[in-house]
file input-v5.txt (compact mmCIF, C-alpha atoms (C1' of nucleotides))
# COMPACT_ATOMS: atom_id res chain seq x y z
CA MET A 1 89.01 83.34 91.60
CA PHE A 2 89.35 84.49 95.20
CA SER A 3 89.56 88.15 96.15
CA LYS A 4 92.96 89.49 97.14
CA THR A 5 91.61 89.72 100.66
CA CYS A 6 90.76 86.04 100.60
CA GLU A 7 94.11 85.04 99.14
CA TYR A 8 95.93 86.88 101.92
CA ALA A 9 93.54 85.42 104.48
CA ILE A 10 94.21 81.84 103.42
CA ARG A 11 97.96 82.33 103.29
CA ALA A 12 97.94 84.01 106.69
CA ILE A 13 95.86 81.32 108.32
CA ILE A 14 98.02 78.55 106.95
CA PHE A 15 101.05 80.45 108.20
CA ILE A 16 99.52 80.85 111.63
CA ALA A 17 98.74 77.13 111.73
CA LEU A 18 102.38 76.44 110.89
CA ARG A 19 103.79 78.76 113.54
CA SER A 20 101.34 78.39 116.38
CA LYS A 21 101.92 74.85 117.46
CA ASN A 22 102.33 73.97 121.13
CA GLY A 23 100.79 77.17 122.42
CA ASP A 24 102.95 79.63 120.50
CA LYS A 25 101.42 82.75 119.00
CA VAL A 26 102.42 84.77 115.96
CA GLY A 27 102.40 88.54 115.67
CA ILE A 28 101.11 90.55 112.75
CA LYS A 29 104.58 91.62 111.66
CA GLU A 30 105.86 88.09 111.47
CA ILE A 31 102.76 87.03 109.57
CA ALA A 32 103.04 89.89 107.10
CA LYS A 33 106.67 89.02 106.45
CA GLY A 34 105.96 85.32 106.32
CA ILE A 35 103.39 85.59 103.58
CA ASP A 36 104.58 88.75 101.89
CA SER A 37 101.48 90.87 102.46
CA PRO A 38 100.83 94.47 103.52
CA GLU A 39 101.00 94.51 107.29
CA HIS A 40 98.04 96.76 108.00
CA PHE A 41 95.86 95.12 105.47
CA ILE A 42 96.38 91.61 106.76
CA ALA A 43 95.81 92.96 110.28
CA LYS A 44 92.38 94.14 109.24
CA ILE A 45 91.58 90.86 107.58
CA LEU A 46 92.66 88.74 110.53
CA GLN A 47 90.71 90.98 112.86
CA ASP A 48 87.60 90.16 110.92
CA ILE A 49 88.30 86.46 110.69
CA SER A 50 89.09 86.17 114.38
CA LYS A 51 85.89 88.01 115.25
CA LYS A 52 84.09 85.36 113.25
CA GLY A 53 85.81 82.69 115.30
CA PHE A 54 87.97 81.01 112.68
CA ILE A 55 91.20 81.99 114.37
CA GLN A 56 92.08 83.07 117.89
CA SER A 57 94.01 86.08 119.11
CA ALA A 58 95.46 87.44 122.33
CA LYS A 59 96.48 91.00 123.06
CA GLY A 60 99.45 92.22 125.02
CA PRO A 61 103.01 90.95 125.33
CA ASN A 62 103.40 87.39 124.10
CA GLY A 63 100.12 87.94 122.34
CA GLY A 64 99.39 87.21 118.73
CA PHE A 65 97.29 84.96 116.58
CA PHE A 66 96.94 81.22 116.86
CA LEU A 67 94.65 78.34 115.97
CA ASP A 68 93.11 76.14 118.59
CA ALA A 69 92.37 72.48 117.95
CA ALA A 70 88.86 73.22 116.69
CA SER A 71 90.11 75.86 114.26
CA LEU A 72 92.58 73.45 112.74
CA ARG A 73 89.62 71.41 111.60
CA TYR A 74 87.97 74.23 109.64
CA SER A 75 88.43 73.97 105.90
CA LEU A 76 89.46 76.47 103.26
CA ALA A 77 85.85 76.36 102.09
CA ASP A 78 84.81 77.80 105.45
CA ILE A 79 87.31 80.61 105.12
CA VAL A 80 86.41 81.41 101.52
CA LYS A 81 82.75 81.51 102.45
CA ALA A 82 83.45 83.79 105.40
CA VAL A 83 85.58 86.20 103.40
CA ASP A 84 84.17 86.18 99.87
CA GLY A 85 80.69 84.89 100.55
CA ASP A 86 79.18 81.91 98.80
CA LYS A 87 79.07 83.37 95.29
CA LEU A 88 81.90 81.09 94.28
CA PHE A 89 79.95 78.03 95.43
CA ASN A 90 76.47 79.00 94.36
CA GLY A 91 76.66 82.01 92.04
CA CYS A 92 75.78 81.94 88.35
CA GLY A 93 78.79 81.86 86.04
CA LEU A 94 77.31 84.57 83.89
CA GLY A 95 76.26 86.73 86.81
CA LEU A 96 72.53 86.20 86.45
CA LYS A 97 70.65 86.93 89.63
CA ILE A 98 68.09 84.32 88.75
CA CYS A 99 69.74 81.17 87.49
CA SER A 100 68.56 77.78 88.66
CA GLU A 101 67.68 74.33 87.50
CA SER A 102 64.32 75.61 86.30
CA HIS A 103 65.67 78.84 84.78
CA PRO A 104 69.26 78.03 83.84
CA CYS A 105 71.77 80.22 82.05
CA PRO A 106 73.42 78.68 78.98
CA ILE A 107 76.36 77.31 80.94
CA HIS A 108 74.48 76.39 84.10
CA ASP A 109 75.06 72.64 84.15
CA GLU A 110 78.67 72.64 83.04
CA PHE A 111 79.57 75.46 85.36
CA LYS A 112 77.92 73.77 88.26
CA GLN A 113 80.13 70.76 87.88
CA VAL A 114 83.23 72.89 88.03
CA ARG A 115 81.93 74.77 91.05
CA LYS A 116 81.19 71.53 92.84
CA LYS A 117 84.64 70.23 92.14
CA MET A 118 86.12 73.43 93.51
CA GLN A 119 83.94 73.24 96.56
CA ALA A 120 84.81 69.60 97.24
CA MET A 121 88.48 70.41 96.96
CA LEU A 122 88.22 73.34 99.38
CA GLU A 123 86.15 71.38 101.85
CA LYS A 124 88.70 68.64 101.93
CA ALA A 125 91.50 71.10 102.65
CA LYS A 126 91.58 71.46 106.44
CA LEU A 127 93.53 74.34 107.92
CA GLY A 128 95.73 71.96 109.86
CA SER A 129 96.67 69.85 106.86
CA PHE A 130 99.35 72.06 105.33
CA THR A 131 101.88 72.31 108.12
CA ALA A 132 103.87 69.16 107.39
CA GLN A 133 104.52 69.92 103.70
CA LEU A 134 105.51 73.48 104.53
CA GLU A 135 107.99 72.36 107.17
CA GLN A 136 109.63 70.05 104.67
CA GLU A 137 109.69 72.91 102.16
CA LEU A 138 107.70 70.89 99.70
CA THR A 139 105.31 73.84 99.45
CA PHE A 140 105.65 77.59 100.03
CA LEU A 141 103.62 80.58 101.14
CA LYS A 142 105.70 83.22 99.44
CA ARG A 143 108.19 83.54 96.70
CA LYS A 144 111.10 82.16 98.79
CA MET B 1 84.96 83.89 88.94
CA PHE B 2 84.73 86.10 85.88
CA SER B 3 84.76 89.89 86.10
CA LYS B 4 81.47 91.69 85.59
CA THR B 5 82.88 92.89 82.29
CA CYS B 6 83.49 89.33 81.23
CA GLU B 7 80.05 88.15 82.34
CA TYR B 8 78.41 90.86 80.28
CA ALA B 9 80.70 90.10 77.37
CA ILE B 10 79.79 86.41 77.29
CA ARG B 11 76.09 87.08 77.60
CA ALA B 12 76.23 89.73 74.89
CA ILE B 13 78.15 87.52 72.50
CA ILE B 14 75.79 84.61 72.98
CA PHE B 15 72.91 87.00 72.41
CA ILE B 16 74.50 88.32 69.24
CA ALA B 17 75.05 84.79 68.02
CA LEU B 18 71.37 84.11 68.61
CA ARG B 19 70.13 87.21 66.82
CA SER B 20 72.58 87.57 63.99
CA LYS B 21 71.79 84.56 61.92
CA ASN B 22 71.35 84.88 58.14
CA GLY B 23 73.09 88.21 57.86
CA ASP B 24 71.09 90.11 60.46
CA LYS B 25 72.79 92.52 62.82
CA VAL B 26 71.91 93.57 66.34
CA GLY B 27 72.20 97.07 67.78
CA ILE B 28 73.57 97.99 71.17
CA LYS B 29 70.19 98.92 72.55
CA GLU B 30 68.67 95.60 71.68
CA ILE B 31 71.67 93.80 73.12
CA ALA B 32 71.55 95.78 76.36
CA LYS B 33 67.89 94.99 76.76
CA GLY B 34 68.32 91.38 75.74
CA ILE B 35 70.88 90.64 78.41
CA ASP B 36 69.90 93.22 80.99
CA SER B 37 73.14 95.17 81.04
CA PRO B 38 74.03 98.88 81.13
CA GLU B 39 73.91 100.10 77.55
CA HIS B 40 77.02 102.25 77.50
CA PHE B 41 79.05 99.77 79.43
CA ILE B 42 78.31 96.88 77.14
CA ALA B 43 79.00 99.17 74.19
CA LYS B 44 82.50 99.74 75.50
CA ILE B 45 83.05 96.08 76.08
CA LEU B 46 81.87 95.03 72.62
CA GLN B 47 83.99 97.73 71.06
CA ASP B 48 87.02 96.17 72.64
CA ILE B 49 86.07 92.63 71.74
CA SER B 50 85.32 93.54 68.16
CA LYS B 51 88.64 95.33 67.85
CA LYS B 52 90.24 92.09 68.93
CA GLY B 53 88.36 90.29 66.18
CA PHE B 54 86.07 88.03 68.18
CA ILE B 55 82.93 89.71 66.90
CA GLN B 56 82.15 91.86 63.89
CA SER B 57 80.43 95.22 63.64
CA ALA B 58 79.08 97.60 61.00
CA LYS B 59 78.32 101.29 61.40
CA GLY B 60 75.44 103.21 59.96
CA PRO B 61 71.80 102.34 59.33
CA ASN B 62 71.19 98.61 59.40
CA GLY B 63 74.49 98.40 61.23
CA GLY B 64 75.12 96.55 64.43
CA PHE B 65 77.05 93.61 65.76
CA PHE B 66 77.16 90.12 64.35
CA LEU B 67 79.23 86.95 64.30
CA ASP B 68 80.66 85.56 61.13
CA ALA B 69 81.15 81.83 60.60
CA ALA B 70 84.68 81.91 61.98
CA SER B 71 83.60 83.78 65.12
CA LEU B 72 80.96 81.18 65.86
CA ARG B 73 83.78 78.72 66.31
CA TYR B 74 85.59 80.67 69.00
CA SER B 75 85.06 79.32 72.49
CA LEU B 76 84.17 80.95 75.78
CA ALA B 77 87.74 80.25 76.82
CA ASP B 78 88.93 82.58 74.05
CA ILE B 79 86.61 85.31 75.26
CA VAL B 80 87.52 84.92 78.90
CA LYS B 81 91.19 85.05 78.01
CA ALA B 82 90.68 88.17 75.91
CA VAL B 83 88.68 89.98 78.57
CA ASP B 84 90.07 88.80 81.91
CA GLY B 85 93.46 87.55 80.84
CA ASP B 86 94.72 84.07 81.58
CA LYS B 87 94.93 84.38 85.35
CA LEU B 88 91.93 82.09 85.66
CA PHE B 89 93.68 79.41 83.62
CA ASN B 90 97.21 79.78 84.91
CA GLY B 91 97.22 81.94 88.02
CA CYS B 92 98.05 80.70 91.50
CA GLY B 93 95.01 80.10 93.69
CA LEU B 94 96.64 81.95 96.57
CA GLY B 95 97.86 84.82 94.42
CA LEU B 96 101.55 83.96 94.57
CA LYS B 97 103.51 85.48 91.74
CA ILE B 98 105.85 82.58 91.76
CA CYS B 99 103.99 79.31 92.02
CA SER B 100 104.95 76.36 89.87
CA GLU B 101 105.62 72.67 89.90
CA SER B 102 109.02 73.31 91.41
CA HIS B 103 107.86 75.99 93.84
CA PRO B 104 104.24 75.18 94.54
CA CYS B 105 101.86 76.87 96.95
CA PRO B 106 100.09 74.59 99.42
CA ILE B 107 97.08 74.07 97.16
CA HIS B 108 98.91 74.04 93.85
CA ASP B 109 98.10 70.53 92.66
CA GLU B 110 94.48 70.43 93.75
CA PHE B 111 93.78 73.89 92.42
CA LYS B 112 95.37 73.05 89.13
CA GLN B 113 92.95 70.20 88.59
CA VAL B 114 90.00 72.50 89.13
CA ARG B 115 91.45 75.12 86.80
CA LYS B 116 92.01 72.52 84.13
CA LYS B 117 88.46 71.30 84.42
CA MET B 118 87.21 74.86 84.10
CA GLN B 119 89.42 75.46 81.10
CA ALA B 120 88.30 72.28 79.36
CA MET B 121 84.68 73.21 79.90
CA LEU B 122 85.17 76.71 78.50
CA GLU B 123 87.13 75.46 75.54
CA LYS B 124 84.42 73.05 74.65
CA ALA B 125 81.79 75.80 74.73
CA LYS B 126 81.77 77.31 71.25
CA LEU B 127 80.02 80.62 70.72
CA GLY B 128 77.68 79.09 68.18
CA SER B 129 76.59 76.23 70.39
CA PHE B 130 74.05 78.05 72.57
CA THR B 131 71.55 79.27 70.01
CA ALA B 132 69.34 76.20 69.77
CA GLN B 133 68.72 75.86 73.50
CA LEU B 134 67.98 79.54 73.82
CA GLU B 135 65.46 79.43 70.99
CA GLN B 136 63.65 76.58 72.69
CA GLU B 137 63.75 78.54 75.95
CA LEU B 138 65.59 75.74 77.66
CA THR B 139 68.14 78.33 78.77
CA PHE B 140 68.06 82.09 79.37
CA LEU B 141 70.28 85.14 79.19
CA LYS B 142 68.37 87.26 81.66
CA ARG B 143 65.86 86.90 84.40
CA LYS B 144 62.91 86.44 82.07
C1' DA C 1 74.56 116.69 49.05
C1' DT C 2 71.67 115.79 53.16
C1' DA C 3 69.60 113.62 56.98
C1' DA C 4 69.33 109.67 59.71
C1' DT C 5 71.41 105.87 61.91
C1' DA C 6 74.60 103.30 64.64
C1' DA C 7 79.14 102.12 66.24
C1' DA C 8 83.79 104.27 67.86
C1' DA C 9 86.19 107.08 70.77
C1' DG C 10 87.16 109.97 74.59
C1' DA C 11 86.37 112.13 78.96
C1' DT C 12 84.42 111.61 83.52
C1' DA C 13 82.27 109.77 87.45
C1' DA C 14 80.60 106.40 90.82
C1' DA C 15 81.38 102.28 93.33
C1' DT C 16 84.15 98.82 95.17
C1' DT C 17 88.37 96.77 96.51
C1' DT C 18 92.78 97.21 98.32
C1' DA C 19 95.91 99.57 101.30
C1' DT C 20 97.73 102.85 104.89
C1' DC C 21 98.03 105.49 109.06
C1' DT C 22 96.72 106.82 113.80
C1' DT C 23 94.54 106.15 118.12
C1' DT C 24 92.54 103.06 121.55
C1' DT C 25 92.07 98.98 124.38
C1' DA C 26 93.65 94.86 126.64
C1' DT C 27 97.27 92.17 128.65
C1' DT C 28 101.64 91.10 130.65
C1' DA C 29 105.78 91.65 133.30
C1' DT C 30 108.12 94.47 136.43
C1' DA D 1 101.00 101.51 139.55
C1' DT D 2 103.85 101.70 135.35
C1' DA D 3 105.85 100.69 131.00
C1' DA D 4 105.92 97.80 127.19
C1' DT D 5 103.65 95.05 123.91
C1' DA D 6 100.36 93.68 120.54
C1' DA D 7 95.77 93.36 118.70
C1' DA D 8 91.32 96.22 117.84
C1' DA D 9 89.17 99.96 115.93
C1' DG D 10 88.47 103.93 113.21
C1' DA D 11 89.46 107.25 109.69
C1' DT D 12 91.41 108.01 105.18
C1' DA D 13 93.45 107.29 100.84
C1' DA D 14 94.90 104.97 96.60
C1' DA D 15 93.87 101.89 92.97
C1' DT D 16 90.88 99.37 90.19
C1' DT D 17 86.54 98.12 88.37
C1' DT D 18 82.18 99.38 86.84
C1' DA D 19 79.29 102.75 84.73
C1' DT D 20 77.73 107.08 82.31
C1' DC D 21 77.68 110.89 79.14
C1' DT D 22 79.14 113.49 75.03
C1' DT D 23 81.30 114.02 70.67
C1' DT D 24 83.07 111.97 66.45
C1' DT D 25 83.25 108.93 62.49
C1' DA D 26 81.40 105.84 59.10
C1' DT D 27 77.58 104.18 56.42
C1' DT D 28 73.14 104.12 54.26
C1' DA D 29 69.03 105.74 51.99
C1' DT D 30 66.89 109.58 49.96
call {"tool": "encode", "arguments": {"input": "input-v5.txt", "output": "structure tokens"}}
result
Amino acid sequence: MFSKTCEYAIRAIIFIALRSKNGDKVGIKEIAKGIDSPEHFIAKILQDISKKGFIQSAKGPNGGFFLDAASLRYSLADIVKAVDGDKLFNGCGLGLKICSESHPCPIHDEFKQVRKKMQAMLEKAKLGSFTAQLEQELTFLKRK
Amino acid sequence: MFSKTCEYAIRAIIFIALRSKNGDKVGIKEIAKGIDSPEHFIAKILQDISKKGFIQSAKGPNGGFFLDAASLRYSLADIVKAVDGDKLFNGCGLGLKICSESHPCPIHDEFKQVRKKMQAMLEKAKLGSFTAQLEQELTFLKRK
DNA sequence: ATAATAAAAGATAAATTTATCTTTTATTAT
DNA sequence: ATAATAAAAGATAAATTTATCTTTTATTAT
């Protein structure tokens, strides 16, 4: 569904949201451990995402990644779009380059409904909305 | 969503269903042209799918691929499962190996609903159900 | 039997995605 | 100023997916 890169990205961002409240910042090592991902790989990914402005970072001692108030209001849809592009939201299910209302593939209409449901779900999921459940250990970001 | 392999597979199978009525068979070259796919690649894919019993084939002159009555009743869900595995239907949205009702990832419940909708749609889509629309050119398998 | 046809099988290769390692730059505290 | 810290950047490498090419096997018609 999402690329590995995107899966790591989402987990990392949710983790950062969880750990960067009241001005704290989280380092790459802690993030990698916290979400069970390859350290260097997630570093690369977060670099990219922070350059795009979805998360913030600071270098030097006490540095790390964090989310400001505005970032907490981005949605998973924003992240998925930034990392994997909008193929998931707009692409043809059968990979046709030209597939539209006027030239639909055989599963165009049905697929579109599923895509829209997916999109709605991801748009509703704000980056800041996962912290509480995670703190109560109702949900998890790695295998425990 | 689906792998390229799976996209080609679905398009090819629907094409075969369309062209293999009343005992006819379709050759690889015609299939490749009909769905705009690399000839050798789709050959490999169909080989695999036919070995698994979802489509039939015959060697020699007048040979080719076709769907028997039973095959026409398989669904796209069967094909997707055979080609891409069941990750799409059961996998965790965030790529967690362990993600379940009792140990859910942060988007477990919402994602599950989307997956289920996708699965239902694919299960409903039988291989034989696309022929009519395609013949009327209401839908298409390539860019025209 | 022979030639022609078409899928099956096997061996590679190209492209893309995923991952790792090293060096550089910026920031902080002393 | 200096040392320590942590992200940024760049260069490679491994793994997987996608694609191509060649040889073999089975079938048919003559």
call {"tool": "calpha_fit_and_write", "arguments": {"input": "input-v5.txt", "fixed": "chain A", "moving": "chain B", "output": "mmCIF file with C-alpha atoms, keeping the file's coordinate frame"}}
result
data_model
loop_
_atom_site.group_PDB
_atom_site.id
_atom_site.type_symbol
_atom_site.label_atom_id
_atom_site.label_comp_id
_atom_site.auth_asym_id
_atom_site.auth_seq_id
_atom_site.Cartn_x
_atom_site.Cartn_y
_atom_site.Cartn_z
ATOM 1 C CA MET B 1 89.010 83.328 91.628
ATOM 2 C CA PHE B 2 89.353 84.480 95.214
ATOM 3 C CA SER B 3 89.575 88.149 96.160
ATOM 4 C CA LYS B 4 92.971 89.487 97.162
ATOM 5 C CA THR B 5 91.609 89.713 100.685
ATOM 6 C CA CYS B 6 90.754 86.048 100.614
ATOM 7 C CA GLU B 7 94.120 85.038 99.163
ATOM 8 C CA TYR B 8 95.913 86.876 101.934
ATOM 9 C CA ALA B 9 93.548 85.418 104.497
ATOM 10 C CA ILE B 10 94.211 81.828 103.439
ATOM 11 C CA ARG B 11 97.950 82.315 103.310
ATOM 12 C CA ALA B 12 97.957 84.015 106.701
ATOM 13 C CA ILE B 13 95.870 81.313 108.322
ATOM 14 C CA ILE B 14 98.038 78.539 106.954
ATOM 15 C CA PHE B 15 101.063 80.446 108.196
ATOM 16 C CA ILE B 16 99.530 80.838 111.634
ATOM 17 C CA ALA B 17 98.736 77.148 111.724
ATOM 18 C CA LEU B 18 102.369 76.439 110.918
ATOM 19 C CA ARG B 19 103.792 78.757 113.556
ATOM 20 C CA SER B 20 101.341 78.397 116.385
ATOM 21 C CA LYS B 21 101.909 74.854 117.430
ATOM 22 C CA ASN B 22 102.329 73.976 121.123
ATOM 23 C CA GLY B 23 100.810 77.170 122.423
ATOM 24 C CA ASP B 24 102.958 79.636 120.506
ATOM 25 C CA LYS B 25 101.446 82.757 119.011
ATOM 26 C CA VAL B 26 102.431 84.770 115.970
ATOM 27 C CA GLY B 27 102.387 88.554 115.670
ATOM 28 C CA ILE B 28 101.117 90.552 112.736
ATOM 29 C CA LYS B 29 104.565 91.633 111.671
ATOM 30 C CA GLU B 30 105.854 88.113 111.472
ATOM 31 C CA ILE B 31 102.757 87.041 109.582
ATOM 32 C CA ALA B 32 103.041 89.902 107.099
ATOM 33 C CA LYS B 33 106.645 89.032 106.440
ATOM 34 C CA GLY B 34 105.967 85.319 106.315
ATOM 35 C CA ILE B 35 103.392 85.600 103.572
ATOM 36 C CA ASP B 36 104.568 88.773 101.892
ATOM 37 C CA SER B 37 101.464 90.855 102.472
ATOM 38 C CA PRO B 38 100.822 94.466 103.527
ATOM 39 C CA GLU B 39 100.984 94.525 107.307
ATOM 40 C CA HIS B 40 98.023 96.758 108.042
ATOM 41 C CA PHE B 41 95.854 95.125 105.468
ATOM 42 C CA ILE B 42 96.377 91.632 106.760
ATOM 43 C CA ALA B 43 95.809 92.953 110.274
ATOM 44 C CA LYS B 44 92.368 94.125 109.236
ATOM 45 C CA ILE B 45 91.584 90.861 107.573
ATOM 46 C CA LEU B 46 92.656 88.731 110.536
ATOM 47 C CA GLN B 47 90.702 90.960 112.866
ATOM 48 C CA ASP B 48 87.593 90.160 110.916
ATOM 49 C CA ILE B 49 88.297 86.460 110.684
ATOM 50 C CA SER B 50 89.068 86.183 114.363
ATOM 51 C CA LYS B 51 85.870 88.008 115.238
ATOM 52 C CA LYS B 52 84.071 85.365 113.238
ATOM 53 C CA GLY B 53 85.799 82.692 115.289
ATOM 54 C CA PHE B 54 87.956 81.004 112.672
ATOM 55 C CA ILE B 55 91.186 82.002 114.371
ATOM 56 C CA GLN B 56 92.075 83.075 117.885
ATOM 57 C CA SER B 57 94.010 86.077 119.131
ATOM 58 C CA ALA B 58 95.486 87.444 122.357
ATOM 59 C CA LYS B 59 96.492 91.022 123.094
ATOM 60 C CA GLY B 60 99.477 92.216 125.022
ATOM 61 C CA PRO B 61 103.045 90.957 125.320
ATOM 62 C CA ASN B 62 103.408 87.394 124.109
ATOM 63 C CA GLY B 63 100.121 87.971 122.336
ATOM 64 C CA GLY B 64 99.404 87.231 118.731
ATOM 65 C CA PHE B 65 97.299 84.971 116.587
ATOM 66 C CA PHE B 66 96.944 81.233 116.866
ATOM 67 C CA LEU B 67 94.668 78.342 115.968
ATOM 68 C CA ASP B 68 93.116 76.149 118.577
ATOM 69 C CA ALA B 69 92.376 72.476 117.949
ATOM 70 C CA ALA B 70 88.873 73.207 116.695
ATOM 71 C CA SER B 71 90.108 75.869 114.264
ATOM 72 C CA LEU B 72 92.578 73.451 112.740
ATOM 73 C CA ARG B 73 89.607 71.437 111.590
ATOM 74 C CA TYR B 74 87.958 74.230 109.641
ATOM 75 C CA SER B 75 88.434 73.976 105.900
ATOM 76 C CA LEU B 76 89.465 76.469 103.256
ATOM 77 C CA ALA B 77 85.867 76.358 102.088
ATOM 78 C CA ASP B 78 84.805 77.805 105.448
ATOM 79 C CA ILE B 79 87.312 80.614 105.105
ATOM 80 C CA VAL B 80 86.417 81.414 101.529
ATOM 81 C CA LYS B 81 82.755 81.509 102.453
ATOM 82 C CA ALA B 82 83.447 83.799 105.399
ATOM 83 C CA VAL B 83 85.590 86.197 103.398
ATOM 84 C CA ASP B 84 84.161 86.187 99.872
ATOM 85 C CA GLY B 85 80.685 84.897 100.544
ATOM 86 C CA ASP B 86 79.205 81.900 98.790
ATOM 87 C CA LYS B 87 79.056 83.358 95.297
ATOM 88 C CA LEU B 88 81.902 81.078 94.273
ATOM 89 C CA PHE B 89 79.957 78.026 95.416
ATOM 90 C CA ASN B 90 76.473 79.004 94.336
ATOM 91 C CA GLY B 91 76.639 82.005 92.033
ATOM 92 C CA CYS B 92 75.765 81.943 88.349
ATOM 93 C CA GLY B 93 78.782 81.840 86.050
ATOM 94 C CA LEU B 94 77.308 84.584 83.888
ATOM 95 C CA GLY B 95 76.258 86.736 86.823
ATOM 96 C CA LEU B 96 72.521 86.208 86.455
ATOM 97 C CA LYS B 97 70.636 86.919 89.634
ATOM 98 C CA ILE B 98 68.110 84.324 88.754
ATOM 99 C CA CYS B 99 69.752 81.174 87.490
ATOM 100 C CA SER B 100 68.577 77.779 88.647
ATOM 101 C CA GLU B 101 67.665 74.327 87.500
ATOM 102 C CA SER B 102 64.331 75.620 86.292
ATOM 103 C CA HIS B 103 65.691 78.830 84.783
ATOM 104 C CA PRO B 104 69.257 78.035 83.833
ATOM 105 C CA CYS B 105 71.769 80.218 82.030
ATOM 106 C CA PRO B 106 73.410 78.689 78.964
ATOM 107 C CA ILE B 107 76.355 77.306 80.927
ATOM 108 C CA HIS B 108 74.492 76.389 84.089
ATOM 109 C CA ASP B 109 75.056 72.638 84.143
ATOM 110 C CA GLU B 110 78.673 72.636 83.038
ATOM 111 C CA PHE B 111 79.586 75.472 85.353
ATOM 112 C CA LYS B 112 77.909 73.775 88.246
ATOM 113 C CA GLN B 113 80.130 70.743 87.867
ATOM 114 C CA VAL B 114 83.231 72.898 88.024
ATOM 115 C CA ARG B 115 81.933 74.772 91.057
ATOM 116 C CA LYS B 116 81.174 71.525 92.812
ATOM 117 C CA LYS B 117 84.639 70.220 92.128
ATOM 118 C CA MET B 118 86.117 73.422 93.506
ATOM 119 C CA GLN B 119 83.920 73.223 96.568
ATOM 120 C CA ALA B 120 84.809 69.597 97.244
ATOM 121 C CA MET B 121 88.488 70.406 96.977
ATOM 122 C CA LEU B 122 88.216 73.337 99.382
ATOM 123 C CA GLU B 123 86.146 71.376 101.840
ATOM 124 C CA LYS B 124 88.682 68.636 101.925
ATOM 125 C CA ALA B 125 91.488 71.099 102.661
ATOM 126 C CA LYS B 126 91.571 71.471 106.435
ATOM 127 C CA LEU B 127 93.530 74.339 107.932
ATOM 128 C CA GLY B 128 95.737 71.956 109.860
ATOM 129 C CA SER B 129 96.659 69.840 106.872
ATOM 130 C CA PHE B 130 99.337 72.067 105.326
ATOM 131 C CA THR B 131 101.885 72.280 108.111
ATOM 132 C CA ALA B 132 103.885 69.144 107.380
ATOM 133 C CA GLN B 133 104.520 69.917 103.718
ATOM 134 C CA LEU B 134 105.505 73.462 104.529
ATOM 135 C CA GLU B 135 107.982 72.328 107.165
ATOM 136 C CA GLN B 136 109.618 70.019 104.658
ATOM 137 C CA GLU B 137 109.682 72.882 102.152
ATOM 138 C CA LEU B 138 107.679 70.865 99.689
ATOM 139 C CA THR B 139 105.317 73.833 99.447
ATOM 140 C CA PHE B 140 105.652 77.583 100.022
ATOM 141 C CA LEU B 141 103.636 80.572 101.146
ATOM 142 C CA LYS B 142 105.708 83.214 99.421
ATOM 143 C CA ARG B 143 108.218 83.541 96.677
ATOM 144 C CA LYS B 144 111.106 82.199 98.725
#
call {"tool": "residues_around", "arguments": {"input": "input-v5.txt", "residues": "D:DT28", "least_positions_apart": "2", "cutoff": "12 Å", "atoms": "only C-alpha atoms (C1' of nucleotides)", "output": "list of chain:residue names"}}
result
B:Ala58, B:Lys59, B:Gly60, B:Pro61, B:Asn62, B:Gly63, C:DT2, C:DA3, C:DA4, C:DT5, C:DA6, D:DA26, D:DT30
call {"tool": "closest_atom_pairs", "arguments": {"input": "input-v5.txt", "of": "chain A", "to": "chain C", "cutoff": "12 Å", "atoms": "all atoms listed in the file", "output": "tab-separated table"}}
result
residue	atom	partner	partner_atom	distance
A:Ser3	CA	C:DT17	C1'	8.7
A:Lys4	CA	C:DT18	C1'	7.8
A:Thr5	CA	C:DT18	C1'	7.9
A:Cys6	CA	C:DT18	C1'	11.6
A:Tyr8	CA	C:DT18	C1'	11.4
A:Ser37	CA	C:DA19	C1'	10.4
A:Pro38	CA	C:DA19	C1'	7.4
A:Glu39	CA	C:DT20	C1'	9.3
A:His40	CA	C:DT20	C1'	6.8
A:Phe41	CA	C:DA19	C1'	6.1
A:Ile42	CA	C:DA19	C1'	9.7
A:Ala43	CA	C:DA19	C1'	11.2
A:Lys44	CA	C:DA19	C1'	10.2
A:Ile45	CA	C:DT18	C1'	11.3
A:Ser57	CA	C:DA26	C1'	11.6
A:Ala58	CA	C:DT27	C1'	8.1
A:Lys59	CA	C:DT27	C1'	5.8
A:Gly60	CA	C:DT27	C1'	4.2
A:Pro61	CA	C:DT28	C1'	5.5
A:Asn62	CA	C:DT28	C1'	7.7
A:Gly63	CA	C:DT27	C1'	8.1
A:Gly64	CA	C:DT27	C1'	11.3
A:Asp84	CA	C:DT17	C1'	11.9
call {"tool": "residues_around", "arguments": {"input": "input-v5.txt", "residues": "B:Lys97", "least_positions_apart": "3", "cutoff": "10 Å", "atoms": "all atoms listed in the file", "output": "JSON, numbers by chain"}}
result
{"A": [142, 143], "B": [91, 92, 94, 100]}
call {"tool": "closest_residue", "arguments": {"input": "input-v5.txt", "among": "A:Val26, A:Leu72, A:Val83, A:Ile10", "to": "chain B", "atoms": "all atoms listed in the file"}}
result
A:Ile10
call {"tool": "axis_aligned_box", "arguments": {"input": "input-v5.txt", "around": "stretch 10-28 of chain C", "padding_each_side": "8 Å", "output": "lines of an AutoDock Vina configuration file"}}
result
center_x = 91.1
center_y = 101.6
center_z = 102.6
size_x = 37.0
size_y = 37.0
size_z = 72.1
call {"tool": "residues_near_point", "arguments": {"input": "input-v5.txt", "point": "(83.7, 80.9, 66.0)", "cutoff": "7 Å", "atoms": "all atoms listed in the file", "output": "VMD selection string"}}
result
chain B and resid 69 to 75 126 to 128
call {"tool": "atom_distance", "arguments": {"input": "input-v5.txt", "atom1": "atom CA of B:Asp86", "atom2": "atom CA of A:Lys112"}}
result
20.8 Å
call {"tool": "atom_distance", "arguments": {"input": "input-v5.txt", "atom1": "atom CA of B:Lys33", "atom2": "atom CA of B:Arg19"}}
result
12.8 Å
